[in-house]
$ cat data.txt   # compact mmCIF, C-alpha atoms
# COMPACT_ATOMS: atom_id res chain seq x y z
CA MET A 1 14.36 16.70 -16.10
CA VAL A 2 12.17 14.97 -18.65
CA ASP A 3 8.88 16.70 -19.38
CA VAL A 4 6.51 13.76 -18.98
CA LYS A 5 3.74 15.55 -20.86
CA SER A 6 5.76 15.96 -24.05
CA VAL A 7 6.92 12.36 -24.45
CA ALA A 8 5.62 11.76 -27.96
CA ASN A 9 8.29 9.31 -29.06
CA PRO A 10 6.68 5.90 -29.66
CA LEU A 11 10.05 4.20 -29.01
CA PHE A 12 9.28 4.13 -25.29
CA LEU A 13 6.63 1.51 -26.10
CA ARG A 14 9.07 -0.89 -27.76
CA GLU A 15 9.08 -4.44 -26.44
CA GLU A 16 12.50 -4.03 -24.84
CA GLU A 17 11.45 -0.83 -23.04
CA LEU A 18 8.32 -2.53 -21.72
CA ARG A 19 10.31 -5.58 -20.59
CA GLN A 20 12.83 -3.34 -18.85
CA ALA A 21 10.03 -1.55 -17.00
CA ILE A 22 8.59 -4.90 -15.87
CA GLU A 23 12.00 -6.04 -14.68
CA MET A 24 12.60 -2.76 -12.86
CA LEU A 25 9.26 -3.17 -11.07
CA PHE A 26 10.32 -6.63 -9.89
CA PHE A 27 13.67 -5.33 -8.59
CA ALA A 28 12.08 -2.25 -7.02
CA TYR A 29 9.48 -4.38 -5.23
CA ARG A 30 12.15 -6.80 -3.99
CA ASP A 31 14.25 -3.96 -2.58
CA PHE A 32 11.24 -2.01 -1.28
CA THR A 33 10.02 -5.01 0.73
CA GLY A 34 13.45 -6.39 1.73
CA GLY A 35 13.94 -4.40 4.95
CA PRO A 36 10.42 -4.95 6.26
CA ASP A 37 10.61 -8.65 5.31
CA GLU A 38 13.69 -9.06 7.53
CA MET A 39 12.02 -7.26 10.44
CA LEU A 40 8.88 -9.36 10.06
CA ALA A 41 10.83 -12.63 9.86
CA GLU A 42 12.50 -11.83 13.19
CA ILE A 43 9.10 -11.78 14.91
CA GLY A 44 7.52 -14.63 12.98
CA LEU A 45 5.40 -12.54 10.61
CA GLY A 46 5.32 -12.20 6.83
CA ARG A 47 4.20 -9.93 4.01
CA ALA A 48 0.53 -10.79 4.44
CA HIS A 49 0.78 -9.56 8.03
CA HIS A 50 2.50 -6.40 6.79
CA ARG A 51 -0.25 -5.60 4.31
CA VAL A 52 -2.95 -6.04 6.96
CA ILE A 53 -1.04 -3.93 9.49
CA TYR A 54 -0.43 -1.22 6.89
CA PHE A 55 -4.03 -0.88 5.73
CA VAL A 56 -5.52 -1.14 9.21
CA GLY A 57 -3.06 1.57 10.28
CA ARG A 58 -4.09 3.79 7.35
CA ASN A 59 -7.79 3.17 8.01
CA PRO A 60 -8.48 2.82 11.75
CA GLY A 61 -11.88 1.22 12.30
CA ILE A 62 -11.89 -0.47 8.89
CA THR A 63 -14.28 -3.40 8.64
CA VAL A 64 -13.12 -6.87 7.75
CA SER A 65 -15.18 -6.76 4.53
CA GLU A 66 -13.58 -3.44 3.50
CA LEU A 67 -10.13 -4.88 4.16
CA LEU A 68 -10.99 -7.93 2.07
CA LYS A 69 -11.93 -5.64 -0.83
CA ILE A 70 -8.59 -3.83 -0.63
CA LEU A 71 -6.41 -6.92 -0.26
CA ARG A 72 -8.38 -9.12 -2.68
CA ILE A 73 -7.73 -12.25 -0.66
CA THR A 74 -10.08 -14.92 0.63
CA LYS A 75 -11.79 -14.71 4.00
CA GLN A 76 -9.89 -17.83 5.01
CA SER A 77 -6.50 -16.27 4.21
CA LEU A 78 -7.35 -13.06 6.03
CA SER A 79 -8.75 -15.00 8.98
CA ARG A 80 -5.45 -16.82 9.54
CA VAL A 81 -3.39 -13.63 9.38
CA LEU A 82 -5.85 -11.53 11.37
CA SER A 83 -6.22 -14.14 14.11
CA HIS A 84 -2.45 -14.20 14.51
CA LEU A 85 -2.22 -10.40 14.66
CA VAL A 86 -5.02 -10.21 17.24
CA GLU A 87 -3.46 -13.00 19.28
CA GLU A 88 -0.08 -11.23 19.23
CA GLN A 89 -1.82 -7.97 20.22
CA TYR A 90 -1.01 -5.93 17.11
CA ILE A 91 -4.69 -5.42 16.20
CA THR A 92 -7.92 -5.16 18.17
CA GLN A 93 -11.36 -6.09 16.87
CA THR A 94 -14.53 -4.43 18.12
CA GLN A 95 -18.17 -4.81 17.13
CA GLY A 96 -19.75 -2.16 14.96
CA GLU A 97 -22.06 0.21 16.83
CA ARG A 98 -24.85 0.15 14.21
CA ASP A 99 -24.25 -3.37 12.93
CA ARG A 100 -23.08 -5.79 15.61
CA ARG A 101 -22.03 -8.28 12.90
CA GLN A 102 -19.30 -5.93 11.71
CA ARG A 103 -15.81 -6.35 13.09
CA LEU A 104 -13.92 -3.06 13.20
CA LEU A 105 -10.14 -3.30 13.13
CA THR A 106 -7.68 -0.93 14.80
CA LEU A 107 -3.97 -1.14 15.53
CA THR A 108 -2.92 -1.41 19.16
CA GLN A 109 0.03 0.72 20.28
CA LYS A 110 2.21 -2.34 19.63
CA GLY A 111 0.77 -2.47 16.10
CA VAL A 112 1.31 1.27 15.56
CA ASP A 113 4.94 0.91 16.65
CA LEU A 114 5.50 -2.04 14.30
CA GLU A 115 3.83 -0.28 11.38
CA ARG A 116 6.05 2.77 11.90
CA ARG A 117 9.21 0.64 11.98
CA LEU A 118 8.18 -1.29 8.86
CA THR A 119 7.27 1.84 6.95
CA ALA A 120 10.28 3.95 7.99
CA ASP A 121 12.70 2.34 5.52
CA GLN A 122 10.12 2.39 2.75
CA ARG A 123 9.27 6.05 3.35
CA GLU A 124 12.95 6.99 3.24
CA ARG A 125 13.56 4.93 0.10
CA ILE A 126 10.64 6.64 -1.68
CA ALA A 127 11.54 10.11 -0.36
CA ASP A 128 15.13 9.72 -1.55
CA ALA A 129 14.02 8.54 -5.00
CA PHE A 130 11.51 11.41 -5.25
CA ARG A 131 14.14 13.98 -4.25
CA LYS A 132 16.57 12.67 -6.85
CA ALA A 133 13.96 12.46 -9.61
CA GLY A 134 12.32 15.86 -9.12
CA ALA A 135 8.71 16.99 -9.10
CA ASP A 136 7.95 16.35 -12.77
CA ALA A 137 9.27 12.79 -12.58
CA VAL A 138 7.32 12.17 -9.36
CA GLN A 139 4.13 13.28 -11.08
CA GLY A 140 4.93 11.03 -14.05
CA PHE A 141 5.62 8.12 -11.72
CA LYS A 142 2.27 8.62 -10.00
CA LEU A 143 0.50 8.72 -13.34
CA VAL A 144 2.20 5.49 -14.43
CA LEU A 145 1.29 3.71 -11.18
CA HIS A 146 -2.25 5.05 -11.45
CA GLY A 147 -2.47 3.59 -14.95
CA ILE A 148 -1.29 0.18 -13.71
CA ILE A 149 -3.87 0.04 -10.89
CA ASP A 150 -7.14 -1.67 -11.83
CA GLU A 151 -9.90 0.80 -12.72
CA PRO A 152 -12.11 0.39 -9.61
CA ASP A 153 -9.24 1.33 -7.29
CA ARG A 154 -8.00 4.34 -9.26
CA GLU A 155 -10.56 6.63 -7.60
CA ARG A 156 -8.73 6.10 -4.30
CA PHE A 157 -5.92 8.35 -5.51
CA ASP A 158 -5.78 11.95 -6.68
CA VAL A 159 -3.01 12.25 -9.27
CA SER A 160 -4.07 15.67 -10.51
CA GLY A 161 -0.83 17.25 -9.36
CA GLY A 162 -1.82 18.13 -5.80
CA SER A 163 -0.57 16.02 -2.93
CA GLY A 164 -1.16 12.94 -5.09
CA HIS A 165 -2.94 11.08 -2.35
CA LEU A 166 -6.30 11.35 -0.76
CA PRO A 167 -6.14 11.36 3.06
CA ALA A 168 -6.80 7.63 3.40
CA VAL A 169 -7.94 4.72 1.29
CA ARG A 170 -11.53 5.21 0.25
CA VAL A 171 -13.63 2.32 1.44
CA GLY A 172 -17.33 1.90 0.93
CA GLY A 173 -17.51 5.17 -1.02
CA LYS A 174 -16.66 7.18 2.09
CA ARG A 175 -13.56 8.82 3.41

$ encode --input "data.txt" --output "structure tokens"
Amino acid sequence: MVDVKSVANPLFLREEELRQAIEMLFFAYRDFTGGPDEMLAEIGLGRAHHRVIYFVGRNPGITVSELLKILRITKQSLSRVLSHLVEEQYITQTQGERDRRQRLLTLTQKGVDLERRLTADQRERIADAFRKAGADAVQGFKLVLHGIIDEPDRERFDVSGGSGHLPAVRVGGKR
């Protein structure tokens, strides 16, 4: 096991090492999304649908504006995807109790079932990689990902060595 805290060798910052890391991220993302992409294609959905389903599942009752902040997409793009998911009965929209203009999003049982199927392969892929790498490498991996994430979103994750994840994505400064 490599002690991630004692890596003092500047060679890991060489151009070739950085390029290799970028390339590995591309391959990892391709393989991480491959299984879900196939499942989604079979039912006429795509990655944008997957992202919406995932974050609504992680944050039941999330507002459309909070989801827009997480996904960093336009209202128009989200509207197309969300309309399709509502129409296909994967997501329900309800009015906010305090602010009737708010639209609160929740997965239906059909949406929960799809999210679980889509995530199952990804969870197993990550769990297997974590088991093989060991706890120190997992912590290092989390620190690297945390460093790649833009500053405003870093507070969503606890990488102090505990569970490594706060219970759900922090939206609007609340949990």

$ atom_distance --input "data.txt" --atom1 "CA of Phe26 in chain A" --atom2 "CA of Ala129 in chain A"
16.4 Å

$ residues_around --input "data.txt" --residues "Ile53 in chain A" --least-positions-apart "2" --cutoff "12 Å" --atoms "only C-alpha atoms" --output "JSON, numbers by chain"
{"A": [36, 40, 45, 46, 47, 48, 49, 50, 51, 55, 56, 57, 58, 59, 60, 62, 67, 71, 78, 81, 82, 84, 85, 86, 89, 90, 91, 92, 105, 106, 107, 108, 109, 110, 111, 112, 113, 114, 115, 116, 117, 118, 119]}

$ write_last_selection --input "data.txt" --atoms "C-alpha atoms" --output "PDB file, keeping the file's coordinate frame"
ATOM      1  CA  PRO A  36      10.420  -4.950   6.260  1.00  0.00           C
ATOM      2  CA  LEU A  40       8.880  -9.360  10.060  1.00  0.00           C
ATOM      3  CA  LEU A  45       5.400 -12.540  10.610  1.00  0.00           C
ATOM      4  CA  GLY A  46       5.320 -12.200   6.830  1.00  0.00           C
ATOM      5  CA  ARG A  47       4.200  -9.930   4.010  1.00  0.00           C
ATOM      6  CA  ALA A  48       0.530 -10.790   4.440  1.00  0.00           C
ATOM      7  CA  HIS A  49       0.780  -9.560   8.030  1.00  0.00           C
ATOM      8  CA  HIS A  50       2.500  -6.400   6.790  1.00  0.00           C
ATOM      9  CA  ARG A  51      -0.250  -5.600   4.310  1.00  0.00           C
ATOM     10  CA  PHE A  55      -4.030  -0.880   5.730  1.00  0.00           C
ATOM     11  CA  VAL A  56      -5.520  -1.140   9.210  1.00  0.00           C
ATOM     12  CA  GLY A  57      -3.060   1.570  10.280  1.00  0.00           C
ATOM     13  CA  ARG A  58      -4.090   3.790   7.350  1.00  0.00           C
ATOM     14  CA  ASN A  59      -7.790   3.170   8.010  1.00  0.00           C
ATOM     15  CA  PRO A  60      -8.480   2.820  11.750  1.00  0.00           C
ATOM     16  CA  ILE A  62     -11.890  -0.470   8.890  1.00  0.00           C
ATOM     17  CA  LEU A  67     -10.130  -4.880   4.160  1.00  0.00           C
ATOM     18  CA  LEU A  71      -6.410  -6.920  -0.260  1.00  0.00           C
ATOM     19  CA  LEU A  78      -7.350 -13.060   6.030  1.00  0.00           C
ATOM     20  CA  VAL A  81      -3.390 -13.630   9.380  1.00  0.00           C
ATOM     21  CA  LEU A  82      -5.850 -11.530  11.370  1.00  0.00           C
ATOM     22  CA  HIS A  84      -2.450 -14.200  14.510  1.00  0.00           C
ATOM     23  CA  LEU A  85      -2.220 -10.400  14.660  1.00  0.00           C
ATOM     24  CA  VAL A  86      -5.020 -10.210  17.240  1.00  0.00           C
ATOM     25  CA  GLN A  89      -1.820  -7.970  20.220  1.00  0.00           C
ATOM     26  CA  TYR A  90      -1.010  -5.930  17.110  1.00  0.00           C
ATOM     27  CA  ILE A  91      -4.690  -5.420  16.200  1.00  0.00           C
ATOM     28  CA  THR A  92      -7.920  -5.160  18.170  1.00  0.00           C
ATOM     29  CA  LEU A 105     -10.140  -3.300  13.130  1.00  0.00           C
ATOM     30  CA  THR A 106      -7.680  -0.930  14.800  1.00  0.00           C
ATOM     31  CA  LEU A 107      -3.970  -1.140  15.530  1.00  0.00           C
ATOM     32  CA  THR A 108      -2.920  -1.410  19.160  1.00  0.00           C
ATOM     33  CA  GLN A 109       0.030   0.720  20.280  1.00  0.00           C
ATOM     34  CA  LYS A 110       2.210  -2.340  19.630  1.00  0.00           C
ATOM     35  CA  GLY A 111       0.770  -2.470  16.100  1.00  0.00           C
ATOM     36  CA  VAL A 112       1.310   1.270  15.560  1.00  0.00           C
ATOM     37  CA  ASP A 113       4.940   0.910  16.650  1.00  0.00           C
ATOM     38  CA  LEU A 114       5.500  -2.040  14.300  1.00  0.00           C
ATOM     39  CA  GLU A 115       3.830  -0.280  11.380  1.00  0.00           C
ATOM     40  CA  ARG A 116       6.050   2.770  11.900  1.00  0.00           C
ATOM     41  CA  ARG A 117       9.210   0.640  11.980  1.00  0.00           C
ATOM     42  CA  LEU A 118       8.180  -1.290   8.860  1.00  0.00           C
ATOM     43  CA  THR A 119       7.270   1.840   6.950  1.00  0.00           C
TER      44      THR A 119
END

$ atom_distance --input "data.txt" --atom1 "CA of Asp31 in chain A" --atom2 "CA of Val144 in chain A"
19.4 Å

$ atom_distance --input "data.txt" --atom1 "CA of Gln102 in chain A" --atom2 "CA of Val64 in chain A"
7.4 Å

$ residues_around --input "data.txt" --residues "Arg101 in chain A" --least-positions-apart "5" --cutoff "12 Å" --atoms "only C-alpha atoms" --output "ChimeraX atom specification"
/A:63-65,93-96
